>>> print(open('model_22.cif').read())   # mmCIF, C-alpha atoms
data_work
#
loop_
_atom_site.group_PDB
_atom_site.id
_atom_site.type_symbol
_atom_site.label_atom_id
_atom_site.label_comp_id
_atom_site.auth_asym_id
_atom_site.auth_seq_id
_atom_site.Cartn_x
_atom_site.Cartn_y
_atom_site.Cartn_z
ATOM 1 C CA MET A 852 -18.944 70.537 -25.357
ATOM 2 C CA ASN A 853 -16.325 70.761 -28.077
ATOM 3 C CA LEU A 854 -12.539 70.614 -27.894
ATOM 4 C CA GLU A 855 -12.054 74.370 -27.588
ATOM 5 C CA VAL A 856 -14.528 74.722 -24.704
ATOM 6 C CA VAL A 857 -13.072 71.774 -22.799
ATOM 7 C CA MET A 858 -9.531 73.118 -23.181
ATOM 8 C CA GLN A 859 -10.681 76.509 -21.882
ATOM 9 C CA GLU A 860 -12.351 74.894 -18.862
ATOM 10 C CA LEU A 861 -9.285 72.794 -18.094
ATOM 11 C CA GLU A 862 -7.010 75.818 -18.363
ATOM 12 C CA ALA A 863 -9.224 77.720 -15.902
ATOM 13 C CA LEU A 864 -8.790 74.870 -13.385
ATOM 14 C CA GLY A 865 -4.984 74.858 -13.629
ATOM 15 C CA LYS A 866 -2.900 75.403 -10.485
ATOM 16 C CA GLU A 867 0.764 76.419 -10.597
ATOM 17 C CA ARG A 868 1.591 74.195 -7.617
ATOM 18 C CA LEU A 869 0.173 71.109 -9.332
ATOM 19 C CA LYS A 870 1.817 72.048 -12.601
ATOM 20 C CA LYS A 871 5.213 72.077 -10.873
ATOM 21 C CA MET A 872 4.461 68.720 -9.247
ATOM 22 C CA TYR A 873 3.478 67.117 -12.555
ATOM 23 C CA LEU A 874 6.584 68.544 -14.216
ATOM 24 C CA SER A 875 8.757 67.103 -11.447
ATOM 25 C CA ASN A 876 7.191 63.672 -12.076
ATOM 26 C CA GLY A 877 7.991 63.679 -15.785
ATOM 27 C CA ALA A 878 5.283 65.739 -17.472
ATOM 28 C CA HIS A 879 6.322 68.434 -19.918
ATOM 29 C CA GLU A 880 4.681 71.402 -21.591
ATOM 30 C CA PRO A 881 1.959 71.911 -22.597
ATOM 31 C CA LEU A 882 -0.005 71.356 -19.379
ATOM 32 C CA PHE A 883 -2.168 73.391 -17.005
ATOM 33 C CA GLY A 884 -1.798 71.563 -13.688
ATOM 34 C CA VAL A 885 -5.369 70.385 -13.078
ATOM 35 C CA ALA A 886 -6.268 68.223 -10.080
ATOM 36 C CA THR A 887 -7.900 65.005 -11.266
ATOM 37 C CA GLY A 888 -10.815 65.510 -8.876
ATOM 38 C CA ALA A 889 -11.466 68.944 -10.368
ATOM 39 C CA MET A 890 -12.110 67.288 -13.738
ATOM 40 C CA LYS A 891 -15.140 65.342 -12.509
ATOM 41 C CA PRO A 892 -17.767 68.104 -12.954
ATOM 42 C CA ILE A 893 -16.740 68.501 -16.605
ATOM 43 C CA ALA A 894 -16.788 64.729 -17.056
ATOM 44 C CA ARG A 895 -20.318 64.544 -15.645
ATOM 45 C CA LYS A 896 -21.475 67.024 -18.289
ATOM 46 C CA ILE A 897 -19.827 65.137 -21.147
ATOM 47 C CA LYS A 898 -20.156 61.545 -19.894
ATOM 48 C CA ILE A 899 -18.626 59.208 -22.527
ATOM 49 C CA ASN A 900 -17.451 60.749 -25.801
ATOM 50 C CA GLN A 901 -14.812 58.820 -27.731
ATOM 51 C CA PRO A 902 -14.411 61.281 -30.641
ATOM 52 C CA LEU A 903 -13.793 64.138 -28.180
ATOM 53 C CA ALA A 904 -11.438 61.917 -26.154
ATOM 54 C CA GLU A 905 -9.390 61.280 -29.291
ATOM 55 C CA GLN A 906 -9.170 65.018 -30.001
ATOM 56 C CA LEU A 907 -8.090 65.769 -26.442
ATOM 57 C CA TYR A 908 -5.468 63.022 -26.387
ATOM 58 C CA ALA A 909 -4.016 64.265 -29.678
ATOM 59 C CA THR A 910 -3.324 67.734 -28.214
ATOM 60 C CA GLY A 911 -0.272 66.461 -26.335
ATOM 61 C CA ASN A 912 -1.414 68.531 -23.341
ATOM 62 C CA TYR A 913 -0.992 66.362 -20.236
ATOM 63 C CA ASP A 914 -4.221 67.480 -18.549
ATOM 64 C CA ALA A 915 -6.211 67.028 -21.762
ATOM 65 C CA MET A 916 -4.696 63.571 -22.283
ATOM 66 C CA TYR A 917 -5.590 62.562 -18.733
ATOM 67 C CA PHE A 918 -9.141 63.870 -19.171
ATOM 68 C CA ALA A 919 -9.380 61.928 -22.440
ATOM 69 C CA GLY A 920 -8.994 58.735 -20.430
ATOM 70 C CA ILE A 921 -11.895 59.721 -18.168
ATOM 71 C CA ILE A 922 -14.390 60.272 -21.010
ATOM 72 C CA ALA A 923 -13.077 57.593 -23.384
ATOM 73 C CA ASP A 924 -15.236 54.654 -24.455
ATOM 74 C CA PRO A 925 -12.854 51.696 -23.954
ATOM 75 C CA LYS A 926 -15.166 49.276 -25.726
ATOM 76 C CA ALA A 927 -15.015 51.423 -28.867
ATOM 77 C CA MET A 928 -11.205 51.287 -28.919
ATOM 78 C CA THR A 929 -9.260 48.717 -30.914
ATOM 79 C CA GLU A 930 -5.814 47.313 -30.216
ATOM 80 C CA ALA A 931 -4.459 49.761 -32.819
ATOM 81 C CA ASP A 932 -6.060 52.641 -30.904
ATOM 82 C CA PHE A 933 -4.371 51.553 -27.680
ATOM 83 C CA GLU A 934 -1.030 51.216 -29.451
ATOM 84 C CA ARG A 935 -1.454 54.751 -30.778
ATOM 85 C CA TRP A 936 -2.296 56.044 -27.304
ATOM 86 C CA MET A 937 0.763 54.272 -25.907
ATOM 87 C CA ASP A 938 2.912 55.921 -28.581
ATOM 88 C CA GLY A 939 1.777 59.276 -27.175
ATOM 89 C CA ALA A 940 2.183 58.262 -23.512
ATOM 90 C CA TYR A 941 5.541 59.862 -22.829
ATOM 91 C CA PHE A 942 5.728 59.241 -19.063
ATOM 92 C CA TYR A 943 4.294 56.858 -16.483
ATOM 93 C CA MET A 944 1.303 58.944 -15.363
ATOM 94 C CA LEU A 945 -0.025 58.565 -18.904
ATOM 95 C CA SER A 946 1.079 54.990 -19.604
ATOM 96 C CA ASP A 947 -0.014 53.542 -16.241
ATOM 97 C CA PHE A 948 -2.874 55.794 -15.134
ATOM 98 C CA VAL A 949 -4.520 56.680 -18.448
ATOM 99 C CA VAL A 950 -3.755 54.062 -21.097
ATOM 100 C CA ALA A 951 -3.470 51.004 -18.829
ATOM 101 C CA VAL A 952 -6.571 52.023 -16.876
ATOM 102 C CA THR A 953 -8.628 52.500 -20.038
ATOM 103 C CA LEU A 954 -7.364 49.202 -21.464
ATOM 104 C CA ALA A 955 -8.403 47.416 -18.249
ATOM 105 C CA GLU A 956 -12.066 48.061 -19.105
ATOM 106 C CA THR A 957 -11.898 46.103 -22.371
ATOM 107 C CA GLY A 958 -12.184 42.488 -23.400
ATOM 108 C CA ILE A 959 -8.753 42.603 -25.064
ATOM 109 C CA ALA A 960 -6.931 43.811 -21.939
ATOM 110 C CA GLN A 961 -4.911 40.689 -21.144
ATOM 111 C CA GLU A 962 -3.993 40.074 -24.786
ATOM 112 C CA VAL A 963 -2.671 43.615 -25.303
ATOM 113 C CA ALA A 964 -1.011 43.805 -21.862
ATOM 114 C CA ASP A 965 0.830 40.526 -22.557
ATOM 115 C CA LYS A 966 2.303 42.019 -25.742
ATOM 116 C CA TRP A 967 3.385 45.162 -23.916
ATOM 117 C CA ILE A 968 5.046 43.176 -21.128
ATOM 118 C CA ALA A 969 7.018 41.247 -23.759
ATOM 119 C CA SER A 970 7.921 44.382 -25.755
ATOM 120 C CA GLY A 971 11.144 45.296 -23.961
ATOM 121 C CA GLU A 972 10.066 48.981 -23.961
ATOM 122 C CA GLU A 973 10.050 50.542 -20.494
ATOM 123 C CA LEU A 974 6.703 52.344 -20.568
ATOM 124 C CA ARG A 975 4.889 49.637 -22.543
ATOM 125 C CA MET A 976 6.144 47.042 -20.068
ATOM 126 C CA SER A 977 5.110 49.282 -17.193
ATOM 127 C CA ALA A 978 1.652 49.776 -18.689
ATOM 128 C CA GLY A 979 1.263 46.030 -19.235
ATOM 129 C CA TRP A 980 2.072 45.139 -15.632
ATOM 130 C CA SER A 981 -0.075 48.058 -14.425
ATOM 131 C CA CYS A 982 -2.994 46.875 -16.524
ATOM 132 C CA TYR A 983 -2.874 43.522 -14.742
ATOM 133 C CA CYS A 984 -2.909 45.374 -11.417
ATOM 134 C CA TRP A 985 -6.094 47.208 -12.450
ATOM 135 C CA LEU A 986 -7.592 43.944 -13.726
ATOM 136 C CA LEU A 987 -6.753 41.819 -10.689
ATOM 137 C CA GLY A 988 -7.917 44.586 -8.397
ATOM 138 C CA SER A 989 -11.366 44.822 -9.978
ATOM 139 C CA ARG A 990 -12.373 41.564 -11.667
ATOM 140 C CA PRO A 991 -13.398 38.241 -10.062
ATOM 141 C CA ASP A 992 -10.517 35.823 -9.469
ATOM 142 C CA ALA A 993 -12.206 33.260 -11.714
ATOM 143 C CA GLN A 994 -11.528 35.428 -14.766
ATOM 144 C CA PHE A 995 -7.798 34.687 -14.561
ATOM 145 C CA ALA A 996 -5.847 31.513 -15.226
ATOM 146 C CA GLU A 997 -4.035 30.731 -11.982
ATOM 147 C CA SER A 998 -1.137 29.108 -13.858
ATOM 148 C CA LYS A 999 -0.652 32.263 -15.926
ATOM 149 C CA ILE A 1000 -0.583 34.601 -12.933
ATOM 150 C CA ALA A 1001 1.775 32.192 -11.138
ATOM 151 C CA ASN A 1002 4.109 32.246 -14.137
ATOM 152 C CA MET A 1003 4.016 36.042 -14.155
ATOM 153 C CA LEU A 1004 5.023 36.065 -10.483
ATOM 154 C CA GLU A 1005 7.987 33.846 -11.362
ATOM 155 C CA ILE A 1006 9.012 36.254 -14.122
ATOM 156 C CA VAL A 1007 8.867 39.148 -11.653
ATOM 157 C CA GLY A 1008 10.978 37.210 -9.160
ATOM 158 C CA LYS A 1009 13.655 36.474 -11.749
ATOM 159 C CA THR A 1010 13.789 39.778 -13.645
ATOM 160 C CA ILE A 1011 12.555 42.692 -11.519
ATOM 161 C CA HIS A 1012 15.971 43.860 -10.319
ATOM 162 C CA ASP A 1013 17.307 43.999 -13.885
ATOM 163 C CA SER A 1014 14.252 45.668 -15.432
ATOM 164 C CA PRO A 1015 13.923 49.347 -16.457
ATOM 165 C CA GLU A 1016 13.169 51.704 -13.568
ATOM 166 C CA ARG A 1017 9.498 52.416 -14.199
ATOM 167 C CA THR A 1018 8.853 48.783 -15.062
ATOM 168 C CA LYS A 1019 10.335 47.781 -11.696
ATOM 169 C CA SER A 1020 7.742 49.898 -9.925
ATOM 170 C CA SER A 1021 4.844 48.317 -11.816
ATOM 171 C CA MET A 1022 6.208 44.804 -11.323
ATOM 172 C CA ASN A 1023 6.497 45.487 -7.601
ATOM 173 C CA ASN A 1024 2.893 46.695 -7.608
ATOM 174 C CA PHE A 1025 1.909 43.506 -9.430
ATOM 175 C CA MET A 1026 3.345 41.379 -6.598
ATOM 176 C CA TYR A 1027 1.440 43.490 -4.097
ATOM 177 C CA THR A 1028 -1.823 43.303 -6.064
ATOM 178 C CA VAL A 1029 -1.638 39.522 -6.463
ATOM 179 C CA GLY A 1030 -0.898 39.233 -2.736
ATOM 180 C CA VAL A 1031 -3.886 41.349 -1.762
ATOM 181 C CA SER A 1032 -6.504 41.018 -4.513
ATOM 182 C CA TYR A 1033 -5.953 37.554 -6.052
ATOM 183 C CA LEU A 1034 -6.605 35.092 -3.241
ATOM 184 C CA PRO A 1035 -5.567 31.846 -5.025
ATOM 185 C CA LEU A 1036 -1.951 33.029 -5.112
ATOM 186 C CA HIS A 1037 -1.698 35.090 -1.940
ATOM 187 C CA ASP A 1038 0.892 32.755 -0.410
ATOM 188 C CA LYS A 1039 2.962 32.577 -3.600
ATOM 189 C CA ALA A 1040 2.923 36.375 -3.917
ATOM 190 C CA VAL A 1041 4.155 36.727 -0.328
ATOM 191 C CA GLU A 1042 6.868 34.126 -0.953
ATOM 192 C CA THR A 1043 7.952 35.893 -4.170
ATOM 193 C CA ALA A 1044 7.947 39.327 -2.528
ATOM 194 C CA LYS A 1045 10.102 38.085 0.342
ATOM 195 C CA ALA A 1046 12.561 36.485 -2.090
ATOM 196 C CA VAL A 1047 12.733 39.692 -4.148
ATOM 197 C CA GLY A 1048 13.297 41.881 -1.090
ATOM 198 C CA PRO A 1049 13.762 45.652 -1.388
ATOM 199 C CA VAL A 1050 13.490 47.063 -4.919
ATOM 200 C CA GLU A 1051 15.390 50.261 -5.652
ATOM 201 C CA VAL A 1052 13.777 52.515 -8.243
ATOM 202 C CA LYS A 1053 16.040 55.326 -9.438
ATOM 203 C CA ARG A 1054 14.404 58.596 -10.456
ATOM 204 C CA ASP A 1055 15.753 61.561 -12.403
ATOM 205 C CA LYS A 1056 16.833 64.427 -10.140
ATOM 206 C CA LYS A 1057 15.194 62.749 -7.162
ATOM 207 C CA LYS A 1058 16.203 60.382 -4.416
ATOM 208 C CA SER A 1059 15.730 56.691 -5.251
ATOM 209 C CA SER A 1060 12.596 54.969 -3.967
ATOM 210 C CA ILE A 1061 12.922 51.709 -2.048
ATOM 211 C CA LEU A 1062 9.897 49.464 -2.520
ATOM 212 C CA LEU A 1063 9.141 46.447 -0.329
ATOM 213 C CA ALA A 1064 6.103 44.531 -1.515
ATOM 214 C CA SER A 1065 6.187 41.955 1.294
ATOM 215 C CA GLU A 1066 5.824 44.682 3.901
ATOM 216 C CA SER A 1067 3.018 46.380 1.949
ATOM 217 C CA ILE A 1068 1.104 43.098 1.615
ATOM 218 C CA GLN A 1069 1.445 42.446 5.350
ATOM 219 C CA LYS A 1070 0.088 45.906 6.161
ATOM 220 C CA ALA A 1071 -2.902 45.285 3.887
ATOM 221 C CA VAL A 1072 -3.547 41.948 5.622
ATOM 222 C CA GLU A 1073 -3.444 43.636 9.034
ATOM 223 C CA LYS A 1074 -6.003 46.186 7.828
ATOM 224 C CA GLY A 1075 -8.349 43.401 6.703
ATOM 225 C CA GLN A 1076 -7.957 44.267 3.002
ATOM 226 C CA LEU A 1077 -7.278 40.737 1.749
ATOM 227 C CA GLY A 1078 -9.524 40.068 -1.252
ATOM 228 C CA PHE A 1079 -10.052 43.767 -1.971
ATOM 229 C CA LYS A 1080 -11.686 44.553 -5.329
ATOM 230 C CA ARG A 1081 -12.480 47.984 -6.770
ATOM 231 C CA LYS A 1082 -16.007 48.678 -7.959
ATOM 232 C CA HIS A 1083 -14.717 50.921 -10.741
ATOM 233 C CA VAL A 1084 -11.336 51.072 -12.479
ATOM 234 C CA ARG A 1085 -11.632 54.618 -13.781
ATOM 235 C CA CYS A 1086 -12.468 57.526 -11.496
#
>>> encode(input="model_22.cif", output="structure tokens")
Amino acid sequence: MNLEVVMQELEALGKERLKKMYLSNGAHEPLFGVATGAMKPIARKIKINQPLAEQLYATGNYDAMYFAGIIADPKAMTEADFERWMDGAYFYMLSDFVVAVTLAETGIAQEVADKWIASGEELRMSAGWSCYCWLLGSRPDAQFAESKIANMLEIVGKTIHDSPERTKSSMNNFMYTVGVSYLPLHDKAVETAKAVGPVEVKRDKKKSSILLASESIQKAVEKGQLGFKRKHVRC
């Protein structure tokens, strides 16, 4: 399947209701409004195709960019490729759920995510913290340096309330993910989350969200989800 055919198939799957929802979350034209689940049959036909993924991502169409992440070959992508994709990721559904997810399937994930966290740019920081969430939620605990993750928790505790809005959300999710999926620091994550308390995330034209990681961790514990790991990062 080439770019033109894929774009035609995506357009045919578009729903006005979903388009409005994506727009309300920060997407902008062009987009069709395709449910992510509806993309799977096309993905099964194509499987992995990095050149086509690059063409789709370059369209600037939200649905095409999302689909690019599904068929991308992360191991064929360099740090420069991920930086270029981040440059095009204009809102969090791209930065956190396309670029960060794809990065999480590479050997350079921590290295690149560390740079993004230190960048001072809202969406790069958000993607960096999100990448660690995908990593911690899917890889064995032994693949992470406990001292490093502990230090990251301390950074969250000290800076989350003063961080950019979208970054706050990803940092909050990091506390939750460490508390649930990284057993060596469960207690420290709970302690940090309690010290942080409620996190207010302001959103354009919408009511603020109040996030409480300590409560979310406790609910996961009660459901027996402690130690949860995903089998696959990408859908």
>>> closest_atom_pairs(input="model_22.cif", of="range 914-1024 of chain A", to="range 1028-1040 of chain A", cutoff="10 Å", atoms="only C-alpha atoms", output="tab-separated table")
residue	atom	partner	partner_atom	distance
A:Ser981	CA	A:Thr1028	CA	9.8
A:Tyr983	CA	A:Thr1028	CA	8.7
A:Cys984	CA	A:Thr1028	CA	5.8
A:Trp985	CA	A:Thr1028	CA	8.6
A:Leu986	CA	A:Thr1028	CA	9.6
A:Leu987	CA	A:Ser1032	CA	6.2
A:Gly988	CA	A:Ser1032	CA	5.5
A:Ser989	CA	A:Ser1032	CA	8.2
A:Arg990	CA	A:Ser1032	CA	9.3
A:Pro991	CA	A:Tyr1033	CA	8.5
A:Asp992	CA	A:Tyr1033	CA	6.0
A:Ala993	CA	A:Tyr1033	CA	9.5
A:Phe995	CA	A:Tyr1033	CA	9.2
A:Glu997	CA	A:Pro1035	CA	7.2
A:Ser998	CA	A:Leu1036	CA	9.6
A:Ile1000	CA	A:Leu1036	CA	8.1
A:Ala1001	CA	A:Leu1036	CA	7.1
A:Leu1004	CA	A:Ala1040	CA	6.9
A:Glu1005	CA	A:Lys1039	CA	9.3
A:Gly1008	CA	A:Ala1040	CA	9.6
A:Met1022	CA	A:Thr1028	CA	9.7
A:Asn1023	CA	A:Thr1028	CA	8.7
A:Asn1024	CA	A:Thr1028	CA	6.0
>>> closest_atom_pairs(input="model_22.cif", of="range 939-1016 of chain A", to="range 861-880 of chain A", cutoff="8 Å", atoms="all atoms listed in the file", output="CSV")
residue,atom,partner,partner_atom,distance
A:Tyr941,CA,A:Ala878,CA,8.0
A:Phe942,CA,A:Gly877,CA,6.0
A:Tyr943,CA,A:Gly877,CA,7.8
>>> atom_distance(input="model_22.cif", atom1="CA of Ala931 in chain A", atom2="CA of Ile899 in chain A")
19.9 Å
>>> resolve_selection(input="model_22.cif", expression="the PyMOL selection byres ((chain A and resi 900-915) around 8)", output="PyMOL selection string")
chain A and resi 853-854+858+861+878-885+897-899+916-920+922-924+927+936+939+945
>>> write_last_selection(input="model_22.cif", atoms="C-alpha atoms", output="mmCIF file, in the coordinates of the input")
data_model
loop_
_atom_site.group_PDB
_atom_site.id
_atom_site.type_symbol
_atom_site.label_atom_id
_atom_site.label_comp_id
_atom_site.auth_asym_id
_atom_site.auth_seq_id
_atom_site.Cartn_x
_atom_site.Cartn_y
_atom_site.Cartn_z
ATOM 1 C CA ASN A 853 -16.325 70.761 -28.077
ATOM 2 C CA LEU A 854 -12.539 70.614 -27.894
ATOM 3 C CA MET A 858 -9.531 73.118 -23.181
ATOM 4 C CA LEU A 861 -9.285 72.794 -18.094
ATOM 5 C CA ALA A 878 5.283 65.739 -17.472
ATOM 6 C CA HIS A 879 6.322 68.434 -19.918
ATOM 7 C CA GLU A 880 4.681 71.402 -21.591
ATOM 8 C CA PRO A 881 1.959 71.911 -22.597
ATOM 9 C CA LEU A 882 -0.005 71.356 -19.379
ATOM 10 C CA PHE A 883 -2.168 73.391 -17.005
ATOM 11 C CA GLY A 884 -1.798 71.563 -13.688
ATOM 12 C CA VAL A 885 -5.369 70.385 -13.078
ATOM 13 C CA ILE A 897 -19.827 65.137 -21.147
ATOM 14 C CA LYS A 898 -20.156 61.545 -19.894
ATOM 15 C CA ILE A 899 -18.626 59.208 -22.527
ATOM 16 C CA MET A 916 -4.696 63.571 -22.283
ATOM 17 C CA TYR A 917 -5.590 62.562 -18.733
ATOM 18 C CA PHE A 918 -9.141 63.870 -19.171
ATOM 19 C CA ALA A 919 -9.380 61.928 -22.440
ATOM 20 C CA GLY A 920 -8.994 58.735 -20.430
ATOM 21 C CA ILE A 922 -14.390 60.272 -21.010
ATOM 22 C CA ALA A 923 -13.077 57.593 -23.384
ATOM 23 C CA ASP A 924 -15.236 54.654 -24.455
ATOM 24 C CA ALA A 927 -15.015 51.423 -28.867
ATOM 25 C CA TRP A 936 -2.296 56.044 -27.304
ATOM 26 C CA GLY A 939 1.777 59.276 -27.175
ATOM 27 C CA LEU A 945 -0.025 58.565 -18.904
#
>>> residues_around(input="model_22.cif", residues="Gly971 in chain A", least_positions_apart="4", cutoff="10 Å", atoms="all atoms listed in the file", output="list in words")
Lys966, Trp967, Arg975, Met976, Ser977, Ser1014, Pro1015 and Thr1018 of chain A
>>> atom_distance(input="model_22.cif", atom1="CA of Ala894 in chain A", atom2="CA of Gly979 in chain A")
26.1 Å
>>> resolve_selection(input="model_22.cif", expression="the PyMOL selection byres ((chain A and resi 1054) around 12)", output="number ranges by chain")
A: 875-877, 943, 1015-1017, 1019-1020, 1051-1053, 1055-1061
>>> residues_around(input="model_22.cif", residues="Pro925 in chain A", least_positions_apart="2", cutoff="7 Å", atoms="all atoms listed in the file", output="number ranges by chain")
A: 923, 927-928, 953-954, 956-957
